[in-house]
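Right, one structure below, let's go through it.
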Amino acid sequence: MKPNTKQSIYSPLQRGIALPMVLMFTLVSSIFAASVLYSLSVHGSIVQDDYNYTRALYVAESGLNRTTEAIWVAYLNQNPLPEVRMAWLDEHYADFDVTDKEFSGLYGNDGDAYSVTAKRVMRTGADDERYVVLESIGKAAGSYLGSEDEETERILTKVVRFGHDQSSIFDYVYFINNFGWFHGGSSGDIQANGDVRANGNFSLNSTPLVNGDVYASENPDIGAAGDILGQGVYDTDSITDYRNGAEDSWRPTWPEFEFGYDGESDAYTQKDILEMPYLGDISRFEDLAAQRNSSLTTADVNVSHATDGPLVLVGTQANPIQIDGPVVVRGDVFITGWVEGQGTIYTDRNLHIVGDLKYVNGTEYDHSEGADPAASQAVNENADFLGIAARGNVITGDYTNSNWQWIKNYMKPPFTKSYTDEDGSAHSGDYTAVDGVKNDGASRRDYESSWSDAEWASLVALANSITGRTGSTAHRPRQIDCLAYTNHLYGGTVQQCKFNGAIISRDEAIGFYNWVDMNFDYRAKAEGEFYIDIDLPKAANASPVVWLEGEYEGWESKIDALDWDLQQGGS
């Protein structure tokens, strides 16, 4: 191979140019690296500043929410008369102010804190509501945009409405604050003419008939994903079949009635849970009864406003139970027979329905196409209505009968679950547990009454005499006309039974023979035709009206527009 004899020789000039070029490249590289490091530093500071700024907002908002909740809980625990709650709010709305309250949570760091001040309470023109104006200062540890301050502040102003509203749980013919279930023995032996809802999963089998919508709710407290189990395996009447087969008391039709049945059923899953009104100390409702000058009478009973229990209410068609307004019974209630009038019974413990419970003058809806809603209103605004609000349980049938005992399996865990009431008291979920003594000193189960077994047997015989039925099945109701509400259990046995009203409870253990129909009393809806003032438990309400960033003083003139007294020329 021939060697390469070519040589490369740099001149002195070339060697002099190379060194400055290396130095310049090094300088440029250093400047670029410094710029990158500075940019990264500035970007990191901006990110940290933004984090502090955002965190201060979360802290301020958390302060608003926590203070609103504190006011809400105290407001809820007052006497349920709207005017009493409003008077309390007028005087105590600022009792829950906090200064530099340490905040810890998902978005909190050490040193974060909030201060909340209730600036004013305003009337709105409605007697049963107020607006409360709150200002919250959120402080996040760390400065913002190079400020010399050691913390970042965000200020929020919020207007919150406190009021009373008809609870939307009364929009349903069947509402359970737990898992809901329609489990029949054969197709069509369960029929619901109205929407049904559970604050948990809703399970359907044996093809029930649902002429309304079905709702299931996501509820992590009971491990419910909000699913409808058996979805698609229930039937629905067409609007034509519904019109042709509807009985007088059945839910009205659409479009004649805005919220009437339209011939379709939708299934809704993963819905939010609905809060139930809580019946605590029902003596608070005595003021409401006195204000309404309420009464409850039978041939043997004459109650004005309130009375001690246990109380026996028996009505015949010729001499029915007469109710006018809300009435409070401090103890158990036994009720059977015929009812006339409009009102609600608040009972401090259980309400027992043995035999039938029927209206003298029930609702009558015209289901024909093009029916006039005003005509139905004229009829139904004076039709009988019985509301039941039981602090304990609503129990149907004779709980001492041997054919009743099987239903107890569904009144205790694992079918039910333990829970904590809104007043903080724990409940095992076992409605078969001993919870006291009867009149004769014998142990009393949660589902039982306070009457001795001998006294109870006499009451059952009296109920059977009203219906004229005999035998081991005579005690089972065939018709129950009322809207029944309880924080706890609705359970017992029925046979070929029509429920005209609604079933609303935490737990449900209704054992039926042959079939059961549930027909929604349209007059109870939170929205729709307000035919009557039925004095059901109203859900106290707290909801945001206006949310503003900045201190209250900067928004005061605009908030003045919400103050009814100022707009009326007051001070």
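Residues in the structure tokens are numbered from 1 in each chain, the chains being A, B, ... in the order shown, and ligands are numbered from 1 in the order shown.
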Residues within 9 Å of Gly362 in chain A, please, as a VMD selection string. Count only C-alpha atoms; anything in the same chain fewer than 6 positions from it doesn't count. chain A and resid 248 to 249 380 383 to 385 481
May I have the residues within 10 Å of range 365-374 of chain A as a PyMOL selection string, using only C-alpha atoms and disregarding those fewer than 4 positions away in the same chain? chain A and resi 239-240+242-258+260-261+378-380+522+529
For Asn65 in chain A, please output as a ChimeraX atom specification all residues within 12 Å (counting only C-alpha atoms; exclusion window: fewer than 6 positions along the same chain). /A:58-59,71-72,96,114-116,134-136,156-160,542-544,547
Using N, CA and C atoms, can you write the selected residues to a file as an mmCIF file, in the first residue's frame?
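The resulting file, selection_34.cif, is reproduced below:
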data_model
loop_
_atom_site.group_PDB
_atom_site.id
_atom_site.type_symbol
_atom_site.label_atom_id
_atom_site.label_comp_id
_atom_site.auth_asym_id
_atom_site.auth_seq_id
_atom_site.Cartn_x
_atom_site.Cartn_y
_atom_site.Cartn_z
ATOM 1 N N TYR A 58 -58.392 27.925 48.048
ATOM 2 C CA TYR A 58 -59.004 26.729 48.635
ATOM 3 C C TYR A 58 -59.181 26.889 50.137
ATOM 4 N N VAL A 59 -58.212 27.515 50.778
ATOM 5 C CA VAL A 59 -58.304 27.716 52.222
ATOM 6 C C VAL A 59 -59.475 28.645 52.550
ATOM 7 N N ILE A 71 -73.158 27.003 61.075
ATOM 8 C CA ILE A 71 -74.417 27.741 61.204
ATOM 9 C C ILE A 71 -75.586 26.820 60.862
ATOM 10 N N TRP A 72 -75.408 26.028 59.808
ATOM 11 C CA TRP A 72 -76.472 25.136 59.337
ATOM 12 C C TRP A 72 -76.878 24.122 60.402
ATOM 13 N N PHE A 96 -70.582 32.219 64.889
ATOM 14 C CA PHE A 96 -69.652 31.195 64.430
ATOM 15 C C PHE A 96 -68.445 31.788 63.702
ATOM 16 N N TYR A 114 -57.534 30.345 58.002
ATOM 17 C CA TYR A 114 -58.595 31.188 57.458
ATOM 18 C C TYR A 114 -59.281 31.943 58.584
ATOM 19 N N SER A 115 -59.869 33.070 58.222
ATOM 20 C CA SER A 115 -60.695 33.861 59.127
ATOM 21 C C SER A 115 -62.019 34.120 58.423
ATOM 22 N N VAL A 116 -63.117 33.879 59.118
ATOM 23 C CA VAL A 116 -64.447 34.047 58.528
ATOM 24 C C VAL A 116 -65.271 34.967 59.412
ATOM 25 N N LEU A 134 -71.223 36.177 54.279
ATOM 26 C CA LEU A 134 -69.991 35.753 54.942
ATOM 27 C C LEU A 134 -68.781 36.216 54.141
ATOM 28 N N GLU A 135 -67.764 36.652 54.864
ATOM 29 C CA GLU A 135 -66.480 36.991 54.235
ATOM 30 C C GLU A 135 -65.410 36.084 54.809
ATOM 31 N N SER A 136 -64.590 35.512 53.915
ATOM 32 C CA SER A 136 -63.535 34.596 54.350
ATOM 33 C C SER A 136 -62.193 35.039 53.783
ATOM 34 N N LEU A 156 -62.797 35.962 49.883
ATOM 35 C CA LEU A 156 -64.043 35.597 49.222
ATOM 36 C C LEU A 156 -65.226 36.130 50.016
ATOM 37 N N THR A 157 -66.273 36.483 49.308
ATOM 38 C CA THR A 157 -67.536 36.895 49.922
ATOM 39 C C THR A 157 -68.640 36.016 49.342
ATOM 40 N N LYS A 158 -69.470 35.483 50.215
ATOM 41 C CA LYS A 158 -70.535 34.586 49.761
ATOM 42 C C LYS A 158 -71.842 34.934 50.460
ATOM 43 N N VAL A 159 -72.919 34.871 49.691
ATOM 44 C CA VAL A 159 -74.265 35.041 50.231
ATOM 45 C C VAL A 159 -74.912 33.657 50.262
ATOM 46 N N VAL A 160 -75.409 33.256 51.432
ATOM 47 C CA VAL A 160 -75.996 31.925 51.608
ATOM 48 C C VAL A 160 -77.459 32.075 52.003
ATOM 49 N N ALA A 542 -79.952 25.145 53.045
ATOM 50 C CA ALA A 542 -78.904 26.173 52.993
ATOM 51 C C ALA A 542 -78.199 26.033 51.654
ATOM 52 N N SER A 543 -78.206 27.096 50.866
ATOM 53 C CA SER A 543 -77.630 27.016 49.531
ATOM 54 C C SER A 543 -76.993 28.347 49.155
ATOM 55 N N PRO A 544 -75.868 28.305 48.420
ATOM 56 C CA PRO A 544 -75.210 29.547 48.013
ATOM 57 C C PRO A 544 -76.033 30.294 46.978
ATOM 58 N N TRP A 547 -71.436 34.088 44.896
ATOM 59 C CA TRP A 547 -70.052 33.789 45.265
ATOM 60 C C TRP A 547 -69.170 34.816 44.578
#
Quick one: residues within 8 Å of Asp324 in chain A, only C-alpha atoms, excluding same-chain residues fewer than 2 positions away - as an NGL selection string? :A and (294-296 or 322 or 326 or 341-343)
Just-selected residues, N, CA and C atoms written as a JSON list (two decimals), in the first residue's frame:
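Full text of selection-v7.json as output:
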[["chain", "number", "residue", "atom", "x", "y", "z"],
["A", 294, "SER", "N", -104.60, 22.61, 65.64],
["A", 294, "SER", "CA", -104.88, 21.30, 65.08],
["A", 294, "SER", "C", -105.69, 20.43, 66.03],
["A", 295, "SER", "N", -106.34, 19.41, 65.46],
["A", 295, "SER", "CA", -107.13, 18.49, 66.28],
["A", 295, "SER", "C", -107.15, 17.11, 65.65],
["A", 296, "LEU", "N", -107.37, 16.10, 66.51],
["A", 296, "LEU", "CA", -107.47, 14.71, 66.10],
["A", 296, "LEU", "C", -108.54, 14.07, 66.97],
["A", 322, "GLN", "N", -111.07, 11.82, 62.59],
["A", 322, "GLN", "CA", -111.08, 13.17, 62.02],
["A", 322, "GLN", "C", -109.75, 13.85, 62.34],
["A", 326, "PRO", "N", -101.47, 19.37, 61.79],
["A", 326, "PRO", "CA", -100.47, 18.50, 62.40],
["A", 326, "PRO", "C", -100.78, 18.25, 63.88],
["A", 341, "GLY", "N", -110.41, 14.15, 56.55],
["A", 341, "GLY", "CA", -109.73, 15.41, 56.84],
["A", 341, "GLY", "C", -108.34, 15.45, 56.25],
["A", 342, "GLN", "N", -107.58, 16.45, 56.62],
["A", 342, "GLN", "CA", -106.23, 16.63, 56.12],
["A", 342, "GLN", "C", -105.31, 17.00, 57.28],
["A", 343, "GLY", "N", -104.24, 16.24, 57.45],
["A", 343, "GLY", "CA", -103.31, 16.52, 58.53],
["A", 343, "GLY", "C", -102.23, 15.47, 58.61]]
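The shortest atom-to-atom distance to Arg154 in chain A, with only C-alpha atoms taken into account, belongs to A:Lys139 out of A:Arg506, A:His183, A:Lys139, A:Lys271.
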Go through A:Leu489, A:Ile169, A:Ala87, A:Ala140 one by one, measure the shortest atom-to-atom distance of each to Val121 in chain A using only C-alpha atoms, and give the residue with the smallest value.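 For Val121 in chain A, the nearest of the given residues is A:Ala87.
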Quick one: residues within 9 Å of Leu279 in chain A, only C-alpha atoms, excluding same-chain residues fewer than 5 positions away - as a ChimeraX atom specification? /A:348,389-391,486-487,537
Have a look at A:Tyr490, A:Asp110, A:Asn205, A:Gly200 and name the one nearest to Gly185 in chain A; count only C-alpha atoms. A:Asn205
Considering only C-alpha atoms, can you say which of A:Leu462, A:Ile155, A:Val546, A:Val233 comes closest to Thr316 in chain A?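 Checking each candidate against Thr316 in chain A, we get A:Leu462 as the closest.
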For Arg478 in chain A, work out the shell of residues within 7 Å, counting only C-alpha atoms and skipping chain neighbours fewer than 5 positions away, then give it as a PyMOL selection string. chain A and resi 356+494-498
Residues near Ala442 in chain A, anyone? I mean within 12 Å using only C-alpha atoms, not counting same-chain ones fewer than 4 positions away, as a PyMOL selection string. chain A and resi 434-438+448-454
Using Å and a single decimal, report how far CA of Val329 in chain A sits from CA of Asn293 in chain A.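 According to the coordinates, CA of Asn293 in chain A and CA of Val329 in chain A are separated by 15.0 Å.
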Proximity to Val327 in chain A - best of A:Ile388, A:Val196, A:Ala375, A:Ala267, only C-alpha atoms: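 Ranking A:Ile388, A:Val196, A:Ala375, A:Ala267 by distance to Val327 in chain A, first place goes to A:Ile388.
A straight line drawn from CA of Val394 in chain A to CA of Asp213 in chain A is 25.1 Å long.
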For the helix (DSSP H, G or I) assignment from backbone DSSP, which residues of range 177-255 of chain A qualify? Please present them as a ChimeraX atom specification. /A:220-222,239-245
How would you write, as an MDAnalysis selection string, the set of residues in range 101-208 of chain A that DSSP gives as strand (DSSP E or B)? chainID A and resid 101:102 113:123 130:141 151:165 174:176 180:183 190:193 196:198 202:205
Interatomic distance, CA of Asn77 in chain A to CA of His164 in chain A (Å, one decimal): 13.3 Å
Selected residue, from A:Glu102, A:Phe162, A:Ile273, A:Val210, that lies nearest to Ile222 in chain A when counting only C-alpha atoms: A:Ile273
